[in-house]
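Peer 1: File follows, start.cif with mmCIF, C-alpha atoms and all ligand atoms:
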```
data_data
loop_
_atom_site.group_PDB
_atom_site.id
_atom_site.type_symbol
_atom_site.label_atom_id
_atom_site.label_comp_id
_atom_site.auth_asym_id
_atom_site.auth_seq_id
_atom_site.Cartn_x
_atom_site.Cartn_y
_atom_site.Cartn_z
ATOM 1 C CA ARG A 1460 36.132 -37.867 60.237
ATOM 2 C CA VAL A 1461 38.507 -40.794 59.832
ATOM 3 C CA GLN A 1462 37.052 -41.445 56.407
ATOM 4 C CA GLU A 1463 37.511 -37.795 55.471
ATOM 5 C CA LEU A 1464 41.135 -37.830 56.568
ATOM 6 C CA ARG A 1465 41.662 -41.011 54.655
ATOM 7 C CA ALA A 1466 40.140 -39.492 51.556
ATOM 8 C CA ASN A 1467 42.296 -36.372 51.740
ATOM 9 C CA LYS A 1468 45.651 -38.065 52.103
ATOM 10 C CA ARG A 1469 47.959 -38.674 49.121
ATOM 11 C CA ARG A 1470 46.699 -40.942 46.379
ATOM 12 C CA PRO A 1471 47.303 -44.486 47.543
ATOM 13 C CA THR A 1472 49.419 -46.791 45.397
ATOM 14 C CA LYS A 1473 47.824 -49.377 43.134
ATOM 15 C CA ALA A 1474 47.899 -52.161 45.709
ATOM 16 C CA GLU A 1475 45.966 -50.266 48.335
ATOM 17 C CA ARG A 1476 43.580 -48.315 46.143
ATOM 18 C CA GLN A 1477 39.929 -48.889 46.927
ATOM 19 C CA GLY A 1478 36.906 -48.022 44.894
ATOM 20 C CA MET A 1479 35.035 -44.970 46.083
ATOM 21 C CA PHE A 1480 31.773 -46.618 45.069
ATOM 22 C CA SER A 1481 32.621 -50.213 46.001
ATOM 23 C CA GLY A 1482 29.533 -52.062 47.159
ATOM 24 C CA LEU A 1483 27.163 -49.412 45.791
ATOM 25 C CA VAL A 1484 27.356 -50.180 42.071
ATOM 26 C CA PHE A 1485 25.037 -52.761 40.511
ATOM 27 C CA CYS A 1486 24.471 -54.248 37.067
ATOM 28 C CA ALA A 1487 21.207 -53.176 35.395
ATOM 29 C CA ASP A 1488 20.861 -56.517 33.595
ATOM 30 C CA CYS A 1489 21.747 -59.281 36.074
ATOM 31 C CA GLY A 1490 21.554 -57.352 39.366
ATOM 32 C CA SER A 1491 25.043 -58.402 40.488
ATOM 33 C CA LYS A 1492 27.482 -56.006 42.048
ATOM 34 C CA LEU A 1493 30.027 -54.335 39.816
ATOM 35 C CA HIS A 1494 33.491 -55.170 41.107
ATOM 36 C CA PHE A 1495 36.220 -52.580 41.407
ATOM 37 C CA ALA A 1496 39.480 -53.186 39.548
ATOM 38 C CA THR A 1497 42.572 -51.039 39.865
ATOM 39 C CA CYS A 1498 44.837 -50.680 36.880
ATOM 40 C CA LYS A 1499 48.505 -50.181 36.275
ATOM 41 C CA SER A 1500 48.223 -46.447 35.731
ATOM 42 C CA PHE A 1501 49.706 -44.607 38.702
ATOM 43 C CA ASP A 1502 47.020 -41.927 39.044
ATOM 44 C CA GLY A 1503 44.077 -44.310 39.042
ATOM 45 C CA SER A 1504 42.578 -42.839 35.881
ATOM 46 C CA GLN A 1505 41.963 -46.343 34.488
ATOM 47 C CA ASP A 1506 40.419 -47.809 37.644
ATOM 48 C CA ASN A 1507 37.072 -49.249 36.741
ATOM 49 C CA TYR A 1508 34.028 -51.307 37.669
ATOM 50 C CA ARG A 1509 32.819 -54.464 35.936
ATOM 51 C CA CYS A 1510 29.877 -56.788 36.444
ATOM 52 C CA ALA A 1511 30.786 -59.620 38.839
ATOM 53 C CA ARG A 1512 29.248 -62.122 36.451
ATOM 54 C CA TYR A 1513 31.330 -61.015 33.468
ATOM 55 C CA LYS A 1514 34.574 -62.771 34.521
ATOM 56 C CA SER A 1515 36.695 -61.697 31.545
ATOM 57 C CA ASN A 1516 34.098 -62.844 29.076
ATOM 58 C CA THR A 1517 33.678 -66.348 30.532
ATOM 59 C CA GLY A 1518 30.719 -65.414 32.753
ATOM 60 C CA ASP A 1519 27.096 -65.032 31.756
ATOM 61 C CA CYS A 1520 26.832 -61.246 31.689
ATOM 62 C CA THR A 1521 28.539 -58.466 29.735
ATOM 63 C CA ALA A 1522 31.140 -56.219 31.380
ATOM 64 C CA HIS A 1523 29.043 -53.069 31.893
ATOM 65 C CA PHE A 1524 32.490 -51.485 32.093
ATOM 66 C CA ILE A 1525 32.665 -48.022 33.583
ATOM 67 C CA ARG A 1526 35.717 -46.079 34.706
ATOM 68 C CA GLU A 1527 35.656 -44.719 38.232
ATOM 69 C CA GLU A 1528 36.648 -41.268 37.001
ATOM 70 C CA VAL A 1529 33.588 -41.196 34.740
ATOM 71 C CA LEU A 1530 31.322 -42.403 37.529
ATOM 72 C CA ARG A 1531 32.757 -39.773 39.833
ATOM 73 C CA LYS A 1532 31.838 -37.024 37.370
ATOM 74 C CA ILE A 1533 28.334 -38.400 36.848
ATOM 75 C CA VAL A 1534 27.630 -38.644 40.573
ATOM 76 C CA LEU A 1535 29.057 -35.210 41.338
ATOM 77 C CA ASN A 1536 27.055 -33.607 38.520
ATOM 78 C CA ARG A 1537 23.935 -35.331 39.765
ATOM 79 C CA ILE A 1538 24.490 -34.009 43.282
ATOM 80 C CA PHE A 1539 25.075 -30.517 41.819
ATOM 81 C CA ALA A 1540 21.869 -30.683 39.776
ATOM 82 C CA VAL A 1541 19.801 -31.857 42.733
ATOM 83 C CA THR A 1542 21.344 -29.259 45.035
ATOM 84 C CA ALA A 1543 20.698 -26.520 42.463
ATOM 85 C CA MET A 1544 17.021 -27.373 42.201
ATOM 86 C CA PHE A 1545 16.769 -27.600 45.979
ATOM 87 C CA TYR A 1546 18.029 -24.022 46.394
ATOM 88 C CA GLU A 1547 16.260 -22.554 43.387
ATOM 89 C CA ASP A 1548 12.811 -23.655 44.442
ATOM 90 C CA ILE A 1549 12.583 -25.756 47.552
ATOM 91 C CA THR A 1550 8.796 -26.006 47.386
ATOM 92 C CA ALA A 1551 8.860 -27.334 43.847
ATOM 93 C CA PHE A 1552 11.640 -29.741 44.798
ATOM 94 C CA MET A 1553 9.697 -31.036 47.778
ATOM 95 C CA GLU A 1554 6.586 -31.496 45.669
ATOM 96 C CA LEU A 1555 8.580 -33.319 43.012
ATOM 97 C CA ILE A 1556 10.049 -35.762 45.519
ATOM 98 C CA GLN A 1557 6.770 -36.305 47.290
ATOM 99 C CA LYS A 1558 4.891 -36.863 44.086
ATOM 100 C CA GLN A 1559 7.522 -39.271 42.827
ATOM 101 C CA ARG A 1560 7.552 -41.222 46.053
ATOM 102 C CA PHE A 1561 3.824 -41.181 46.275
ATOM 103 C CA ASP A 1562 3.398 -42.430 42.713
ATOM 104 C CA GLU A 1563 5.976 -45.175 43.199
ATOM 105 C CA ALA A 1564 4.729 -46.200 46.615
ATOM 106 C CA GLU A 1565 1.157 -46.251 45.362
ATOM 107 C CA LYS A 1566 2.060 -48.463 42.417
ATOM 108 C CA ASP A 1567 4.009 -50.712 44.748
ATOM 109 C CA MET A 1568 1.217 -50.853 47.277
ATOM 110 C CA LYS A 1569 -1.390 -51.716 44.677
ATOM 111 C CA ARG A 1570 0.758 -54.577 43.438
ATOM 112 C CA LYS A 1571 1.460 -55.803 46.955
ATOM 113 C CA ARG A 1572 -2.158 -55.585 48.030
ATOM 114 C CA ARG A 1573 -3.091 -57.637 44.999
ATOM 115 C CA GLU A 1574 -0.423 -60.225 45.784
ATOM 116 C CA VAL A 1575 -1.461 -60.420 49.407
ATOM 117 C CA GLY A 1576 -5.056 -60.886 48.294
ATOM 118 C CA GLN A 1577 -4.109 -63.712 45.940
ATOM 119 C CA ALA A 1578 -1.969 -65.414 48.585
ATOM 120 C CA ARG A 1579 -4.832 -65.253 51.098
ATOM 121 C CA LYS A 1580 -7.234 -66.775 48.590
ATOM 122 C CA ARG A 1581 -4.817 -69.596 47.826
ATOM 123 C CA ILE A 1582 -4.361 -70.260 51.563
ATOM 124 C CA ALA A 1583 -8.114 -70.658 51.943
ATOM 125 C CA GLU A 1584 -8.222 -72.899 48.880
ATOM 126 C CA LEU A 1585 -5.472 -75.082 50.312
ATOM 127 C CA ASP A 1586 -7.497 -75.471 53.497
ATOM 128 C CA ARG A 1587 -10.401 -76.833 51.453
ATOM 129 C CA ILE A 1588 -8.155 -79.135 49.387
ATOM 130 C CA PHE A 1589 -6.556 -80.398 52.544
ATOM 131 C CA LYS A 1590 -9.923 -81.196 54.054
ATOM 132 C CA ARG A 1591 -10.927 -83.073 50.938
ATOM 133 C CA ILE A 1592 -7.801 -85.251 50.701
ATOM 134 C CA TYR A 1593 -8.164 -85.937 54.417
ATOM 135 C CA GLU A 1594 -11.663 -87.247 53.764
ATOM 136 C CA ASP A 1595 -10.380 -89.250 50.769
ATOM 137 C CA ASP A 1596 -7.785 -90.778 53.034
ATOM 138 C CA ILE A 1597 -10.378 -91.805 55.604
ATOM 139 C CA ASN A 1598 -12.690 -93.216 52.915
ATOM 140 C CA GLY A 1599 -9.760 -95.067 51.390
ATOM 141 C CA THR A 1600 -10.190 -93.261 48.045
ATOM 142 C CA ILE A 1601 -6.469 -92.552 47.968
ATOM 143 C CA SER A 1602 -3.603 -94.499 49.503
ATOM 144 C CA HIS A 1603 -2.337 -93.306 52.850
ATOM 145 C CA GLU A 1604 1.132 -92.796 51.349
ATOM 146 C CA ARG A 1605 -0.263 -90.533 48.694
ATOM 147 C CA PHE A 1606 -2.210 -88.667 51.346
ATOM 148 C CA LEU A 1607 0.984 -88.085 53.353
ATOM 149 C CA LYS A 1608 2.857 -86.862 50.310
ATOM 150 C CA LEU A 1609 0.086 -84.487 49.239
ATOM 151 C CA SER A 1610 -0.496 -83.128 52.698
ATOM 152 C CA ALA A 1611 3.213 -82.415 53.135
ATOM 153 C CA GLU A 1612 3.263 -80.532 49.839
ATOM 154 C CA TYR A 1613 0.206 -78.458 50.630
ATOM 155 C CA GLU A 1614 1.457 -77.722 54.097
ATOM 156 C CA ALA A 1615 4.758 -76.428 52.731
ATOM 157 C CA GLU A 1616 2.989 -74.230 50.196
ATOM 158 C CA GLN A 1617 0.677 -72.849 52.818
ATOM 159 C CA LYS A 1618 3.541 -72.064 55.148
ATOM 160 C CA GLU A 1619 5.379 -70.198 52.411
ATOM 161 C CA LEU A 1620 2.286 -68.188 51.504
ATOM 162 C CA THR A 1621 1.573 -67.282 55.115
ATOM 163 C CA GLU A 1622 5.105 -65.926 55.485
ATOM 164 C CA LYS A 1623 4.708 -63.946 52.273
ATOM 165 C CA VAL A 1624 1.502 -62.359 53.521
ATOM 166 C CA LYS A 1625 3.179 -61.421 56.781
ATOM 167 C CA ALA A 1626 6.251 -59.859 55.097
ATOM 168 C CA GLU A 1627 4.218 -57.871 52.594
ATOM 169 C CA GLN A 1628 1.808 -56.608 55.174
ATOM 170 C CA GLN A 1629 4.795 -55.228 57.072
ATOM 171 C CA GLU A 1630 6.014 -53.393 53.979
ATOM 172 C CA VAL A 1631 2.619 -51.849 53.456
ATOM 173 C CA ASP A 1632 2.791 -50.642 57.057
ATOM 174 C CA THR A 1633 6.264 -49.050 56.798
ATOM 175 C CA TYR A 1634 5.103 -46.933 53.864
ATOM 176 C CA GLU A 1635 3.145 -44.935 56.400
ATOM 177 C CA GLN A 1636 6.177 -44.007 58.475
ATOM 178 C CA ASN A 1637 8.375 -42.546 55.736
ATOM 179 C CA LYS A 1638 7.350 -38.949 56.135
ATOM 180 C CA SER A 1639 10.550 -37.588 57.688
ATOM 181 C CA ASP A 1640 12.724 -38.860 54.860
ATOM 182 C CA PHE A 1641 12.550 -35.628 52.930
ATOM 183 C CA ASP A 1642 13.939 -33.728 55.926
ATOM 184 C CA SER A 1643 16.781 -36.210 56.282
ATOM 185 C CA PHE A 1644 17.709 -35.770 52.641
ATOM 186 C CA ALA A 1645 17.445 -31.977 52.872
ATOM 187 C CA ALA A 1646 19.872 -32.064 55.819
ATOM 188 C CA ILE A 1647 22.450 -33.896 53.693
ATOM 189 C CA ILE A 1648 22.089 -31.376 50.858
ATOM 190 C CA ARG A 1649 22.569 -28.472 53.277
ATOM 191 C CA LYS A 1650 25.560 -30.147 54.880
ATOM 192 C CA TYR A 1651 27.430 -30.552 51.608
ATOM 193 C CA VAL A 1652 26.427 -27.467 49.648
ATOM 194 C CA GLY A 1653 29.509 -26.043 47.943
ATOM 195 C CA ILE A 1654 31.523 -29.241 47.678
ATOM 196 C CA THR A 1655 33.804 -29.508 44.676
ATOM 197 C CA GLU A 1656 34.994 -33.079 45.074
ATOM 198 C CA LEU A 1657 33.574 -36.355 46.300
ATOM 199 C CA THR A 1658 34.862 -38.219 49.327
ATOM 200 C CA PRO A 1659 33.799 -41.691 50.458
ATOM 201 C CA THR A 1660 31.875 -40.047 53.322
ATOM 202 C CA ILE A 1661 29.920 -37.790 50.990
ATOM 203 C CA VAL A 1662 29.205 -40.686 48.652
ATOM 204 C CA ASN A 1663 27.936 -42.870 51.472
ATOM 205 C CA GLU A 1664 25.736 -40.151 52.893
ATOM 206 C CA PHE A 1665 24.138 -39.283 49.577
ATOM 207 C CA ILE A 1666 24.054 -42.514 47.638
ATOM 208 C CA LYS A 1667 22.145 -45.687 48.292
ATOM 209 C CA LYS A 1668 22.787 -47.436 45.022
ATOM 210 C CA ILE A 1669 24.122 -46.865 41.508
ATOM 211 C CA VAL A 1670 22.753 -48.950 38.645
ATOM 212 C CA VAL A 1671 24.938 -49.171 35.548
ATOM 213 C CA HIS A 1672 23.401 -50.140 32.202
ATOM 214 C CA ALA A 1673 25.215 -51.780 29.317
ATOM 215 C CA PRO A 1674 26.789 -49.215 26.973
ATOM 216 C CA GLU A 1675 25.058 -48.499 23.681
ATOM 217 C CA LYS A 1676 26.505 -47.234 20.443
ATOM 218 C CA ILE A 1677 24.505 -44.386 18.976
ATOM 219 C CA ASP A 1678 25.921 -42.820 15.800
ATOM 220 C CA GLY A 1679 29.290 -44.307 16.653
ATOM 221 C CA LYS A 1680 29.317 -42.737 20.112
ATOM 222 C CA ARG A 1681 29.330 -44.707 23.345
ATOM 223 C CA PHE A 1682 26.374 -43.982 25.603
ATOM 224 C CA GLN A 1683 25.884 -45.498 29.000
ATOM 225 C CA LYS A 1684 22.874 -45.017 31.228
ATOM 226 C CA VAL A 1685 23.560 -44.705 34.946
ATOM 227 C CA ASP A 1686 20.788 -44.512 37.539
ATOM 228 C CA ILE A 1687 21.627 -42.764 40.795
ATOM 229 C CA ILE A 1688 19.476 -43.840 43.720
ATOM 230 C CA PHE A 1689 19.770 -41.495 46.674
ATOM 231 C CA ASN A 1690 19.399 -42.354 50.323
ATOM 232 C CA PHE A 1691 15.960 -41.530 51.767
ATOM 233 C CA VAL A 1692 14.368 -40.304 48.520
ATOM 234 C CA GLY A 1693 15.398 -42.807 45.832
ATOM 235 C CA GLU A 1694 15.923 -41.872 42.215
ATOM 236 C CA ILE A 1695 15.132 -38.251 41.428
ATOM 237 C CA HIS A 1696 13.772 -37.377 37.999
ATOM 238 C CA LEU A 1697 14.494 -33.678 37.601
ATOM 239 C CA PRO A 1698 12.337 -31.708 35.160
ATOM 240 C CA THR A 1699 15.527 -30.879 33.238
ATOM 241 C CA ASP A 1700 16.500 -34.534 32.673
ATOM 242 C CA PRO A 1701 16.293 -35.645 29.035
ATOM 243 C CA GLN A 1702 14.669 -38.899 30.168
ATOM 244 C CA THR A 1703 11.989 -37.080 32.114
ATOM 245 C CA GLU A 1704 11.191 -35.062 28.998
ATOM 246 C CA GLN A 1705 10.961 -38.254 26.995
ATOM 247 C CA LYS A 1706 8.730 -39.933 29.541
ATOM 248 C CA LYS A 1707 6.430 -36.935 29.505
ATOM 249 C CA ALA A 1708 6.282 -37.059 25.727
ATOM 250 C CA ASN A 1709 5.506 -40.767 25.806
ATOM 251 C CA LYS A 1710 2.735 -40.212 28.305
ATOM 252 C CA GLN A 1711 1.215 -37.507 26.169
ATOM 253 C CA GLU A 1712 1.397 -39.721 23.142
ATOM 254 C CA LYS A 1713 -0.340 -42.509 25.007
ATOM 255 C CA THR A 1714 -3.147 -40.314 26.263
ATOM 256 C CA ALA A 1715 -3.577 -38.600 22.893
HETATM 257 ZN ZN ZN A 1801 25.605 -58.241 34.990
#
```
Re-express the file's structure as structure tokens.
Peer 2:
Amino acid sequence: RVQELRANKRRPTKAERQGMFSGLVFCADCGSKLHFATCKSFDGSQDNYRCARYKSNTGDCTAHFIREEVLRKIVLNRIFAVTAMFYEDITAFMELIQKQRFDEAEKDMKRKRREVGQARKRIAELDRIFKRIYEDDINGTISHERFLKLSAEYEAEQKELTEKVKAEQQEVDTYEQNKSDFDSFAAIIRKYVGITELTPTIVNEFIKKIVVHAPEKIDGKRFQKVDIIFNFVGEIHLPTDPQTEQKKANKQEKTA
């Protein structure tokens, strides 16, 4: 409620203006946050976000410049599109989200299972190597100093791998308990149906992350890809999205 009140009050002056998406916007190329910058204009129309590693062209990334007003429109339109599909055909929407999550989670799981498998194998291998250098040490085949150095190295590697196995196993487990996420997301959609403007509260309830790509010039026009990642359900590829169409076409081409 406090955040809503804050959002509805008069436009703050330059000094106190804060980005509506601060902390949520990330660079597609380096992964850094995009920092909010307010500008001289009184109404905030020039307020913008820039990659934290750009640093006025002295950093090691490009600006990925995007005005807040533009981002606001993109996010609002995205919420409208998702809400529209939700109300038009909730079953289809649910299937879409579940399929997307399932596909992604399955891909992720396969990769993780493979990594866990490899880490386990390496752990076993290290055990054997360790045994061998221990024997070499006893037989005097290698110097005791070298033995100490090697054993410390192998021990460190083994410790790291064991922690990796533990962490990934946990992730595989949490995949199982994500079933109520769709309901949580549906509750947010229902709560905000009919909104005409964004507030920081709405943004924080809907959005987990926004990934901004570097702008591209196509036929002299500036294009900039922006990925919206929602809370609970992630990125949603609607059937009406141009990218989804393209992906489909690519898939068909591949299978053909
Ligand atoms: Zn960057």
Peer 1: From the set A:Met1479, A:Cys1486, A:Val1575, A:Leu1493, which residue has the shortest atom-to-atom contact distance to Ala1626 of chain A, counting all atoms listed in the file?
Peer 2: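 Checking each of A:Met1479, A:Cys1486, A:Val1575, A:Leu1493 against Ala1626 of chain A, counting all atoms listed in the file, the winner is A:Val1575.
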Peer 1: My list of candidates is A:His1672, A:Lys1680, A:Lys1608, A:Lys1569. Which is closest to ligand ZN 1801 (chain A) when distances are computed with only C-alpha atoms and all ligand atoms?
Peer 2: A:His1672
Peer 1: So how far away is atom CA of Glu1563 of chain A from atom CA of Arg1581 of chain A, in Å?
Peer 2: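 Separation of atom CA of Arg1581 of chain A and atom CA of Glu1563 of chain A: 27.1 Å.
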Peer 1: Name the residues within 9 Å of (-3.0, -74.4, 56.2), counting all atoms listed in the file in the file's coordinates, and put them as a PyMOL selection string.
Peer 2: chain A and resi 1582-1583+1585-1586+1589+1613-1618+1621
Peer 1: Please determine, counting all atoms listed in the file, which residue among A:Ile1556, A:Ala1578, A:Ala1673, A:Gln1629 has the shortest atom-to-atom distance to ligand ZN 1801 (chain A).
Peer 2: A:Ala1673
Peer 1: For atom CA of Val1670 of chain A and atom CA of Phe1641 of chain A, quote the distance in Å rounded to one decimal.
Peer 2: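 Computing the Euclidean distance for atom CA of Val1670 of chain A and atom CA of Phe1641 of chain A yields 22.0 Å.
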Peer 1: Got a sec to resolve the PyMOL selection byres (((not hetatm)) within 7 of (chain A and resi 1801)) on this structure and send the residues as an MDAnalysis selection string?
Peer 2: chainID A and resid 1486:1491 1510:1513 1520:1523
Peer 1: List the residues matched by the PyMOL selection byres (((chain A and resi 1659-1662) around 7) and not hetatm) in the displayed structure as a ChimeraX atom specification, ordered by chain and then by residue number.
Peer 2: /A:1462-1463,1466,1479,1657-1658,1663-1666
Peer 1: On this structure, the PyMOL selection byres (((chain A and resi 1506) around 9) and not hetatm) would catch which residues? List them as a list in words, sorted by chain and number.
Peer 2: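 Residues picked by the PyMOL selection byres (((chain A and resi 1506) around 9) and not hetatm): Gly1478, Phe1495, Ala1496, Thr1497, Cys1498, Lys1499, Ser1500, Asp1502, Gly1503, Ser1504, Gln1505, Asn1507, Tyr1508, Ile1525, Arg1526, Glu1527 and Glu1528 of chain A.
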Peer 1: Could you work out an axis-aligned box for segment 1563-1567 of chain A, taking every atom the file lists and adding 5 Å on each side, and report centre and edge lengths in Å to one decimal, as lines of an AutoDock Vina configuration file?
Peer 2:
```
center_x = 3.6
center_y = -47.9
center_z = 44.5
size_x = 14.8
size_y = 15.5
size_z = 14.2
```
Peer 1: Would you work out the distance separating atom CA of Ala1540 of chain A from atom CA of Phe1485 of chain A, expressed in Å to one decimal?
Peer 2: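 Computed distance, atom CA of Ala1540 of chain A to atom CA of Phe1485 of chain A, equals 22.3 Å.
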